[in-house]
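Take a look at the structure set out below.
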Amino acid sequence: MKIKEVSERLNVTQKTIRYYEEQGFLSPGMEEKNGRKFREYSDSDIRMMEMIIRLRKLSFTVEEIRAITGEPEKIELICREKKEQLARQYKYDRYLIEVFEQLRPSEASDAYMLSNQVEDAGRAVRKMHMDWRPLFKKLDEEFNDSSFQRWEEQREKQRNASARMFGIMNSPYCKSATSGYMNR
């Protein structure tokens, strides 16, 4: 099959096919007609191109595809690493989207002001995504039922002491004893 036919069949450019040929994935035969040389792609070349196209759709790099085709025993490892890489990228992309949602470009009169907004938005997004579980665990440990009970007992003692003090201050004896000080 000629390069033009492969290009049309696989819906890729001839330049793309030549690139993968230069990378060593394809090795077409050469056919000479009328003094010109033409590439002749075999069924195995076409299957290789189909495989490359499918793997590239999953964001595999040329180096990763080379490793997959050259060392099949590493397929599982390469796939796991690719998945982890994509997960990190996805998390970062979600972060960027959240930062963009916080921006107010209409309020930025220049690039510097926009960069300040980016910094502030990034800080706000990071705060939203903080892991608060360790803090809540510590609070739960400090404020368990027995500590609340002790706290309530202390509050009750303070209320009683305040009530006694108020009673003493409002007693007729206390009022007469302090009335001379009030008039000074």
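Scheme for the structure tokens: letters A, B, ... for chains in order shown; per-chain residue numbers from 1; ligand numbers from 1 in order shown.
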Note to self: Going by DSSP on the backbone, which residues of chain A come out as helix (DSSP H, G or I)? List them as an NGL selection string.
What the structure shows: :A and (3-10 or 14-22 or 43-57 or 62-70 or 72-102 or 105-107 or 111-128 or 133-142 or 145-169 or 172-182)
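Closest approach to Tyr41 (chain A) from the set A:Ile97, A:Leu135, A:Ala163, A:Ile3 is made by A:Ile3, with distances taken over only C-alpha atoms.
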Item checked: Test item, strand (DSSP E) assignment across region 25-64 of chain A, answer as number ranges by chain -> A: 29-33, 36-40
Go ahead and write the residues just picked, C-alpha atoms, as a short mmCIF file (atom, residue, chain, number, x, y, z; two decimals), in the first residue's frame.
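As a result, result-v1.cif now contains:
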```
data_model
loop_
_atom_site.label_atom_id
_atom_site.label_comp_id
_atom_site.auth_asym_id
_atom_site.auth_seq_id
_atom_site.Cartn_x
_atom_site.Cartn_y
_atom_site.Cartn_z
CA GLY A 29 9.70 -1.62 1.21
CA MET A 30 10.79 0.53 -1.73
CA GLU A 31 9.28 0.06 -5.14
CA GLU A 32 10.69 1.70 -8.21
CA LYS A 33 8.42 2.87 -11.04
CA ARG A 36 11.07 7.02 -9.00
CA LYS A 37 11.10 5.25 -5.67
CA PHE A 38 7.82 4.72 -3.83
CA ARG A 39 7.28 3.44 -0.30
CA GLU A 40 5.29 0.23 -0.10
#
```
Checklist line | Selection near Met128 (chain A), 12 Å with only C-alpha atoms, sequence-local residues under 6 positions removed, as a list in words | finding: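 Neighbouring residues, sequence-local ones excluded: Tyr95, Glu98, Val99, Gln102, Ala121 and Gly122 of chain A.
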Exercise: region 73-75 of chain A partners within 12 Å, only C-alpha atoms, chain neighbours under 6 positions left out, as a list in words: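 Surrounding residues, per the criterion: Leu55, Phe60, Glu64, Ile65, Arg66, Ala67, Glu81 and Lys82 of chain A.
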Export of the given selection (C-alpha atoms) as a short mmCIF file (atom, residue, chain, number, x, y, z; two decimals), in the first residue's frame:
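After the write, again-v7.cif holds the following:
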```
data_model
loop_
_atom_site.label_atom_id
_atom_site.label_comp_id
_atom_site.auth_asym_id
_atom_site.auth_seq_id
_atom_site.Cartn_x
_atom_site.Cartn_y
_atom_site.Cartn_z
CA LEU A 55 -1.72 4.43 22.03
CA PHE A 60 1.56 7.52 25.44
CA GLU A 64 6.69 4.74 25.99
CA ILE A 65 5.39 3.17 22.77
CA ARG A 66 8.92 2.11 21.92
CA ALA A 67 9.24 0.46 25.35
CA GLU A 81 2.88 4.86 35.53
CA LYS A 82 0.88 6.49 32.72
#
```
Students should find that CA of Asp93 (chain A) and CA of Ala111 (chain A) are spaced 21.7 Å
| said: Set the distance at 9 Å and use only C-alpha atoms: which residues neighbour region 48-51 of chain A once local chain neighbours fewer than 6 positions away are removed? I'd like the list as a VMD selection string. | reply: chain A and resid 10 17 20 25 to 26
Worksheet item: Between CA of Arg18 (chain A) and CA of Thr61 (chain A), what is the spacing in Å?
Response: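 If I compute the distance from CA of Thr61 (chain A) to CA of Arg18 (chain A), I get 16.8 Å.
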